[in-house]
Every structure is written in C-alpha cells, then in structure tokens.
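Chemist: Supplied structure: data_39.cif, mmCIF, C-alpha atoms.
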data_entry
loop_
_atom_site.label_atom_id
_atom_site.label_comp_id
_atom_site.auth_asym_id
_atom_site.auth_seq_id
_atom_site.Cartn_x
_atom_site.Cartn_y
_atom_site.Cartn_z
CA MET A 817 19.01 10.99 3.00
CA GLU A 818 17.42 8.81 5.69
CA PRO A 819 13.85 9.27 6.97
CA ARG A 820 12.80 9.94 10.52
CA THR A 821 11.02 7.12 12.33
CA GLY A 822 8.01 7.20 14.61
CA ALA A 823 4.99 5.23 15.77
CA VAL A 824 1.42 5.70 16.95
CA ARG A 825 -0.47 3.56 19.44
CA TYR A 826 -3.95 2.39 18.52
CA LEU A 827 -6.64 0.46 20.38
CA LEU A 828 -7.95 -2.70 18.72
CA ALA A 829 -9.82 -5.69 20.18
CA GLY A 830 -9.18 -4.71 23.77
CA ALA A 831 -5.45 -4.05 23.48
CA PHE A 832 -3.10 -1.30 22.33
CA HIS A 833 -0.70 -1.94 19.48
CA SER A 834 2.03 0.08 17.79
CA MET A 835 1.98 1.15 14.13
CA ALA A 836 5.36 2.35 12.88
CA TYR A 837 6.02 4.90 10.17
CA VAL A 838 8.83 6.76 8.47
CA GLU A 839 8.56 10.37 7.43
CA TRP A 840 10.43 12.62 5.07
CA GLY A 841 10.66 16.38 4.64
CA ASP A 842 9.91 19.46 6.71
CA PRO A 843 7.62 18.63 9.67
CA ALA A 844 5.86 21.96 9.04
CA ALA A 845 5.09 21.16 5.37
CA LEU A 846 1.78 19.90 4.03
CA PRO A 847 1.28 16.29 5.17
CA LEU A 848 1.01 13.49 2.61
CA ILE A 849 0.28 9.94 3.75
CA CYS A 850 1.45 7.03 1.56
CA VAL A 851 -0.06 3.62 2.37
CA HIS A 852 1.33 0.44 0.86
CA GLY A 853 -0.17 -2.78 -0.51
CA LEU A 854 -1.03 -6.09 1.12
CA THR A 855 2.41 -7.64 1.69
CA ARG A 856 4.54 -4.53 1.41
CA ASN A 857 5.68 -1.76 3.80
CA GLY A 858 6.17 1.99 4.00
CA ARG A 859 9.69 1.93 2.56
CA ASP A 860 8.17 1.17 -0.85
CA PHE A 861 7.57 4.92 -1.14
CA ASP A 862 11.15 6.10 -0.53
CA VAL A 863 11.70 7.21 -4.15
CA LEU A 864 8.35 9.00 -4.37
CA ALA A 865 8.80 10.58 -0.93
CA GLN A 866 12.22 12.00 -1.72
CA ALA A 867 10.88 13.47 -4.97
CA LEU A 868 8.01 15.20 -3.12
CA THR A 869 9.79 16.39 0.03
CA PRO A 870 10.49 19.91 -1.24
CA ARG A 871 6.76 20.55 -0.86
CA TYR A 872 5.38 17.87 1.48
CA ARG A 873 5.94 16.12 4.79
CA VAL A 874 5.60 12.55 3.51
CA ILE A 875 4.48 9.99 6.11
CA CYS A 876 4.66 6.30 5.21
CA PRO A 877 3.19 3.88 7.77
CA ASP A 878 3.70 0.12 8.01
CA LEU A 879 0.23 -1.38 8.27
CA PRO A 880 -0.34 -3.74 11.22
CA GLY A 881 1.62 -6.96 10.78
CA ARG A 882 4.09 -5.42 8.34
CA GLY A 883 7.54 -3.86 8.58
CA ALA A 884 8.29 -2.42 12.01
CA SER A 885 4.66 -2.47 13.19
CA ASP A 886 3.33 -4.91 15.76
CA TRP A 887 1.97 -8.24 14.59
CA LEU A 888 -1.62 -8.81 15.74
CA PRO A 889 -2.40 -11.69 18.11
CA ASP A 890 -5.42 -12.94 16.14
CA PRO A 891 -5.08 -13.44 12.36
CA ASN A 892 -8.77 -12.61 11.95
CA LEU A 893 -7.92 -9.01 12.90
CA TYR A 894 -6.05 -8.55 9.60
CA GLN A 895 -9.01 -6.89 7.89
CA PRO A 896 -9.37 -3.51 6.10
CA PRO A 897 -11.68 -1.95 8.75
CA ASN A 898 -8.99 -2.57 11.38
CA TYR A 899 -6.31 -1.06 9.16
CA VAL A 900 -8.54 2.00 8.77
CA ALA A 901 -8.90 2.15 12.56
CA ALA A 902 -5.11 2.14 12.99
CA LEU A 903 -4.65 4.75 10.27
CA SER A 904 -7.30 6.91 11.92
CA HIS A 905 -5.06 7.16 14.97
CA LEU A 906 -2.25 8.39 12.70
CA LEU A 907 -4.60 10.96 11.16
CA ALA A 908 -5.60 12.10 14.65
CA ALA A 909 -1.94 12.47 15.62
CA ILE A 910 -1.29 14.59 12.51
CA GLY A 911 -4.33 16.68 13.33
CA GLN A 912 -4.72 18.55 10.04
CA PRO A 913 -5.87 17.95 6.44
CA VAL A 914 -3.72 15.50 4.45
CA ALA A 915 -3.24 14.25 0.92
CA TRP A 916 -3.22 10.45 0.46
CA VAL A 917 -1.46 8.05 -1.90
CA GLY A 918 -2.64 4.45 -1.54
CA THR A 919 -1.36 1.39 -3.39
CA SER A 920 -3.88 -1.46 -3.67
CA LEU A 921 -4.90 -2.17 -0.03
CA GLY A 922 -3.64 1.31 0.89
CA GLY A 923 -5.99 2.75 -1.72
CA ILE A 924 -8.94 0.78 -0.35
CA CYS A 925 -8.18 2.25 3.07
CA GLY A 926 -7.94 5.70 1.50
CA MET A 927 -11.33 5.33 -0.19
CA ALA A 928 -12.91 4.19 3.08
CA VAL A 929 -11.52 7.23 4.93
CA ALA A 930 -12.43 9.65 2.12
CA ALA A 931 -16.01 8.33 2.08
CA ALA A 932 -16.55 9.11 5.78
CA ALA A 933 -18.26 12.24 7.05
CA GLY A 934 -15.82 14.86 8.32
CA GLN A 935 -12.84 13.10 6.75
CA PRO A 936 -9.49 14.98 6.45
CA ILE A 937 -8.24 13.93 2.98
CA THR A 938 -7.97 16.76 0.44
CA ARG A 939 -6.68 14.79 -2.57
CA LEU A 940 -6.55 11.03 -3.13
CA VAL A 941 -4.26 9.00 -5.39
CA LEU A 942 -5.44 5.42 -5.97
CA ASN A 943 -2.60 3.25 -7.26
CA ASP A 944 -4.05 0.33 -9.21
CA VAL A 945 -7.19 -0.12 -7.18
CA GLY A 946 -10.69 1.18 -7.70
CA ALA A 947 -14.39 0.75 -7.09
CA PHE A 948 -14.51 -2.89 -8.21
CA ILE A 949 -12.12 -5.74 -7.41
CA PRO A 950 -12.56 -8.91 -9.50
CA ALA A 951 -12.55 -12.32 -7.83
CA ALA A 952 -9.93 -13.63 -10.27
CA ALA A 953 -7.35 -11.12 -9.02
CA LEU A 954 -8.15 -12.00 -5.39
CA CYS A 955 -7.68 -15.70 -6.22
CA ARG A 956 -4.23 -14.94 -7.60
CA ILE A 957 -3.32 -12.99 -4.46
CA ARG A 958 -4.70 -15.76 -2.22
CA ASP A 959 -2.67 -18.41 -4.04
CA TYR A 960 0.51 -16.33 -3.72
CA LEU A 961 -0.03 -15.84 0.01
CA VAL A 962 -0.69 -19.54 0.60
CA LEU A 963 2.45 -20.45 -1.34
CA ALA A 964 4.53 -17.87 0.50
CA ALA A 965 3.39 -19.26 3.86
CA SER A 966 3.75 -22.97 3.06
CA SER A 967 6.58 -23.42 0.56
CA PRO A 968 10.15 -23.63 1.96
CA GLN A 969 11.40 -21.93 -1.23
CA SER A 970 9.02 -18.99 -0.74
CA SER A 971 9.05 -18.63 3.04
CA SER A 972 12.79 -18.30 3.77
CA PHE A 973 15.93 -17.33 1.88
CA ALA A 974 19.65 -17.89 2.35
CA ASP A 975 20.56 -14.24 1.72
CA LEU A 976 19.37 -10.94 0.28
CA ALA A 977 20.28 -11.94 -3.26
CA GLU A 978 17.98 -14.98 -3.05
CA LEU A 979 15.19 -12.90 -1.54
CA GLU A 980 15.62 -10.28 -4.27
CA GLN A 981 15.26 -12.92 -6.98
CA HIS A 982 12.01 -14.02 -5.35
CA LEU A 983 10.71 -10.44 -5.33
CA ARG A 984 11.68 -9.96 -8.98
CA ALA A 985 9.59 -13.01 -9.86
CA ILE A 986 6.46 -12.40 -7.79
CA HIS A 987 6.44 -8.63 -8.20
CA ALA A 988 7.41 -8.43 -11.85
CA PRO A 989 4.18 -6.45 -12.50
CA PHE A 990 5.65 -3.59 -10.42
CA GLY A 991 7.16 -2.42 -13.71
CA GLU A 992 10.58 -1.68 -15.13
CA LEU A 993 12.71 -1.19 -12.00
CA THR A 994 16.45 -0.69 -11.94
CA ASP A 995 18.82 -3.10 -10.21
CA GLU A 996 19.27 -0.48 -7.50
CA GLN A 997 15.50 -0.23 -6.97
CA TRP A 998 15.07 -4.01 -6.71
CA ALA A 999 17.93 -4.12 -4.21
CA HIS A 1000 16.23 -1.37 -2.20
CA LEU A 1001 12.95 -3.30 -2.08
CA ALA A 1002 14.77 -6.47 -1.07
CA ARG A 1003 16.68 -4.74 1.72
CA HIS A 1004 13.48 -3.38 3.24
CA SER A 1005 11.49 -6.57 2.63
CA ALA A 1006 13.70 -8.78 4.79
CA ARG A 1007 13.57 -9.90 8.41
CA THR A 1008 16.04 -12.29 10.02
CA LEU A 1009 14.83 -15.63 11.34
CA PRO A 1010 16.30 -17.33 14.44
CA ASP A 1011 18.34 -19.68 12.24
CA GLY A 1012 19.93 -16.72 10.40
CA ARG A 1013 17.93 -17.16 7.20
CA LEU A 1014 15.76 -14.32 5.86
CA ALA A 1015 12.00 -14.10 5.48
CA LEU A 1016 9.67 -11.50 4.02
CA ASN A 1017 9.00 -8.72 6.50
CA TYR A 1018 5.38 -9.39 7.37
CA ASP A 1019 3.34 -11.71 9.56
CA PRO A 1020 2.50 -14.80 7.42
CA ALA A 1021 -0.94 -14.77 9.08
CA ILE A 1022 -1.98 -11.62 7.17
CA GLY A 1023 -3.20 -13.95 4.43
CA ASP A 1024 -5.42 -16.06 6.69
CA PRO A 1025 -8.64 -14.02 6.23
CA ILE A 1026 -8.42 -14.07 2.42
CA SER A 1027 -7.48 -17.77 2.45
CA ALA A 1028 -10.41 -18.75 4.68
CA VAL A 1029 -13.12 -18.06 2.09
CA GLU A 1030 -13.51 -18.45 -1.65
CA PRO A 1031 -12.84 -15.00 -3.15
CA GLN A 1032 -15.79 -13.18 -4.66
CA ASP A 1033 -16.05 -9.97 -6.68
CA VAL A 1034 -15.83 -6.99 -4.33
CA PRO A 1035 -17.88 -3.96 -5.41
CA LEU A 1036 -16.83 -0.74 -3.69
CA TRP A 1037 -19.12 1.59 -5.64
CA THR A 1038 -20.91 2.72 -2.47
CA PHE A 1039 -17.62 4.01 -1.08
CA TRP A 1040 -16.70 5.56 -4.42
CA ALA A 1041 -20.04 7.39 -4.64
CA ALA A 1042 -19.36 9.01 -1.25
CA VAL A 1043 -15.91 10.33 -2.24
CA SER A 1044 -16.23 14.00 -3.14
CA ILE A 1045 -12.57 15.12 -3.33
CA PRO A 1046 -10.32 15.16 -6.42
CA VAL A 1047 -8.96 11.70 -7.23
CA LEU A 1048 -6.12 10.51 -9.47
CA VAL A 1049 -6.51 6.88 -10.56
CA LEU A 1050 -3.28 5.16 -11.58
CA ARG A 1051 -3.55 1.90 -13.51
CA GLY A 1052 -0.85 -0.54 -14.49
CA GLU A 1053 -1.27 -1.12 -18.22
CA THR A 1054 -1.79 -4.89 -17.78
CA SER A 1055 -3.39 -4.90 -14.31
CA ASP A 1056 -5.77 -7.73 -13.49
CA LEU A 1057 -7.08 -6.00 -10.35
CA LEU A 1058 -8.07 -2.60 -11.76
CA LEU A 1059 -9.85 -3.37 -15.01
CA PRO A 1060 -10.18 -0.87 -17.89
CA GLU A 1061 -13.97 -0.88 -17.60
CA THR A 1062 -13.73 0.00 -13.91
CA VAL A 1063 -11.50 2.97 -14.70
CA GLU A 1064 -13.92 4.07 -17.43
CA GLN A 1065 -16.84 4.04 -14.99
CA MET A 1066 -14.85 5.87 -12.33
CA GLN A 1067 -13.86 8.56 -14.83
CA ALA A 1068 -17.52 9.55 -15.15
CA ARG A 1069 -17.33 11.10 -11.68
CA PRO A 1070 -16.34 14.82 -11.85
CA GLY A 1071 -12.91 15.55 -10.41
CA THR A 1072 -11.43 12.18 -11.41
CA GLN A 1073 -8.20 12.03 -13.40
CA THR A 1074 -6.40 8.94 -14.70
CA HIS A 1075 -2.84 7.95 -15.59
CA ILE A 1076 -1.81 4.67 -17.21
CA VAL A 1077 1.59 3.28 -16.24
CA PRO A 1078 3.06 1.43 -19.25
CA ASN A 1079 4.80 -1.94 -18.90
CA ALA A 1080 3.33 -2.50 -15.43
CA GLY A 1081 0.56 -4.61 -13.97
CA HIS A 1082 -0.59 -4.82 -10.36
CA ALA A 1083 0.71 -2.62 -8.92
CA PRO A 1084 3.07 0.05 -10.29
CA ALA A 1085 6.01 0.68 -7.94
CA LEU A 1086 5.73 4.50 -8.29
CA MET A 1087 9.47 4.75 -8.92
CA ASP A 1088 9.43 5.94 -12.55
CA GLY A 1089 9.77 9.61 -13.48
CA PRO A 1090 6.58 10.06 -15.53
CA THR A 1091 4.35 8.55 -12.82
CA ILE A 1092 6.00 10.59 -10.07
CA GLU A 1093 5.51 13.72 -12.20
CA ALA A 1094 1.83 12.86 -12.71
CA ILE A 1095 1.34 12.48 -8.97
CA ALA A 1096 3.19 15.72 -8.24
CA ARG A 1097 1.08 17.66 -10.77
CA PHE A 1098 -2.14 16.26 -9.36
CA LEU A 1099 -1.24 16.99 -5.75
CA ALA A 1100 -0.18 20.54 -6.62
#
Represent the supplied structure as structure tokens.

Modeler:
Amino acid sequence: MEPRTGAVRYLLAGAFHSMAYVEWGDPAALPLICVHGLTRNGRDFDVLAQALTPRYRVICPDLPGRGASDWLPDPNLYQPPNYVAALSHLLAAIGQPVAWVGTSLGGICGMAVAAAAGQPITRLVLNDVGAFIPAAALCRIRDYLVLAASSPQSSSFADLAELEQHLRAIHAPFGELTDEQWAHLARHSARTLPDGRLALNYDPAIGDPISAVEPQDVPLWTFWAAVSIPVLVLRGETSDLLLPETVEQMQARPGTQTHIVPNAGHAPALMDGPTIEAIARFLA
C-alpha cells in the first residue's frame, strides 16, 4: 500500500512556502495528524498509519526543511512557532477536529496547538516529549546536528547501506527495529547530491538556531497547564529528554495516561505492536 501525497501553502516571513504530506486511509474517516521529530520526516509513521487506517485518515506532514517540503531561505526561521504556523495551515485545510500524534518536536508543536483557544485537537499523543526539556538532552541533539553538518562521514554516504548504518548508530534509541524497518527509514531518509552521493533528507541549516546559543532547560509547564484534552504520554524507557520525574508530574493532571516503551530511549519509533496497540486504544 502506498500513501497519497499532497501539500499545503503557508505564508511565512513575507513569502509562501509549500509543506508536503502523505496521507493514508479513507478521506472521509476521522483525521489523525502525525508530526515527526527534529531531523525526521512524515514517512516515519508509515507502520503506525497502516495499522490505524481502518478507522482514521492519517496525515503525516514533512515539517519545513524536511522531506519533500520546501527549505526555508533563512535558517533563523527554523523555530517551533513557525512550524506551528505551517501546521495551522494544514489544520485549516482539513477544517474539522483532529487527533494528533507528535514525536519530540512534533509533540511540542502539538502541545502549543492544544494550548491555544479554539484549538481543534481532540486527543493528543506525546511521544517522548513533555512539559520540561533538560538542557543536557538539547546539548546532545546540538552536538549531533553540528557533527552531521560538518563531518564528511556524517554528511554524505556512498549508498543506502552506508546511510542505514549511520541511522542505526545515531538512532539506536528508536528501539528494537527489524532489518526491514531500518531499511525503510533509510530509504525515506535519503536525498541525492549532485555528485551522486546520498545525504540525509533535511536542510542542514535546521540545526543553526539550536547551535547558535548554549542550550538551557526549557520549561513548557505553561503550555501543559492550558491543555485540557485527554493526553497519552509515551516515554522511551531510557530517554534523556523526557525524564521520569517529568512524567510523574504530568500524570497529576486529570485525563493523562502514560505508556513506557521498553528497550528504547529518545524517541521510540512507534513501530512495535504493543505501542501501536496502546495508541489505538487511547485514540478510540
């Protein structure tokens, strides 16, 4: 089964840009938006989407600068409020209430939308992100992005097999994936350079804003306090970004459920049966 493709236009910094997406399932079914993490793309959700299509129209955008979406002309535009602005155009195009699954950055965007007055999200799944982000995790992400942009071994690859080995190393915390699943991620993580080599399928400048300043703890409790819909918090068992104490505090809010993904860190790939079942139960 192959997904349908589409795009929405959004206005940002005086110009229109295109944000691509893939969608699965019956166009008349309940819409579910799945938003990926910092360096990833919408095809990360293929396994989850195919499991949920009997009930949902699953829409998986590529955030600006990723996948098939336009790269932005100014690296300083790669900021969460601008991602939320682009996603708001997608929500407007859908024009009805939606459920939301967000991994890491995609979860931050989901919290920001769900905290707004008149927002359209009915149920929110936060995959390994919450109301507090520790500086140490942001330092790790910053260092990875700097390495990926500057190191010849991390910025281009001879073939898909070499790129896949790179993904297996840097994204080992995704969890226990099969060879087929790693190959799938590699195939959709590649873009071809003019010299025929492969690179990761995102604008290297997406890391510039986080690299420009020394990371600090990021409290998002104000957003969390404004979220009034049911929320499922997923945590990778060894995650350094979503800490156990953060999950414990978030659980105090009525309507919050949690699910721990064993043998995973930041962030679970959402390709294992038990986690998909937990998401399906929560959304239903």

Chemist: At a cut-off of 9 Å, using all atoms listed in the file, what residues contact Cys925 (chain A)? Leave out same-chain residues fewer than 5 positions from it and give the result as a ChimeraX atom specification.

Modeler: /A:851,896-897,899-900,903,918,920,930

Chemist: With distances taken over all atoms listed in the file, which of A:Asp860, A:Gln866, A:Leu906, A:Pro843 is nearest to Leu827 (chain A)?

Modeler: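 Of A:Asp860, A:Gln866, A:Leu906, A:Pro843, the one nearest Leu827 (chain A), counting all atoms listed in the file, is A:Leu906.
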
Chemist: What does the structure give for the distance between CA of Ala1002 (chain A) and CA of Ser1055 (chain A), in Å to one decimal?

Modeler: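 That distance, rounded to one decimal, is 22.5 Å.
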
Chemist: Using CA of Val1029 (chain A) and CA of Gln895 (chain A) as the two end points, give the distance in Å to one decimal.

Modeler: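 The value is 13.2 Å.
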
Chemist: At most 9 Å is the cut-off: for each residue in region 939-969 of chain A with any atom that close to an atom of region 1072-1090 of chain A, write down the nearest atom pair and the distance in Å rounded to one decimal, counting only C-alpha atoms, chain first then increasing number, as a tab-separated table.

Modeler:
residue	atom	partner	partner_atom	distance
A:Asn943	CA	A:Ala1083	CA	6.9
A:Asp944	CA	A:Ala1083	CA	5.6
A:Val945	CA	A:Ala1083	CA	8.5

Chemist: With the PyMOL selection byres ((chain A and resi 932) around 12) as the selection, what would be picked from this file? Answer as a list in words, please.

Modeler: Val900, Ser904, Cys925, Gly926, Met927, Ala928, Val929, Ala930, Ala931, Ala933, Gly934, Gln935, Pro936, Ile937, Thr1038, Phe1039, Trp1040, Ala1041, Ala1042, Val1043, Ser1044 and Ile1045 of chain A

Chemist: Might you pull out every residue within 9 Å of Thr1062 (chain A), with all atoms listed in the file counted and same-chain residues fewer than 6 positions away left off, and present them as a ChimeraX atom specification?

Modeler: /A:946-949

Chemist: Written as number ranges by chain, what is the full residue list that the PyMOL selection byres ((chain A and resi 1063) around 9) yields on the file shown?

Modeler: A: 946-947, 1049, 1051, 1058-1062, 1064-1068, 1074

Chemist: Please indicate the distance in Å from CA of Ile875 (chain A) to CA of Val838 (chain A), rounded to one decimal place.

Modeler: 5.9 Å

Chemist: Spell out the residues picked by the PyMOL selection byres ((chain A and resi 980-989) around 10) here, as a ChimeraX atom specification.

Modeler: /A:960,969-970,973,975-979,990-993,995,998-1003,1005-1006,1016,1052-1055,1079-1085

Chemist: I'd like the neighbourhood of Ala952 (chain A) as a count of residues only, where a residue qualifies if any of its atoms comes within 9 Å (using only C-alpha atoms), though same-chain residues fewer than 5 positions away should be ignored.

Modeler: 6

Chemist: Would you mind telling me which residue in A:Ile924, A:Ala901, A:Ala1021, A:Ala1094 lies nearest to Trp1037 (chain A) when using all atoms listed in the file?

Modeler: A:Ile924
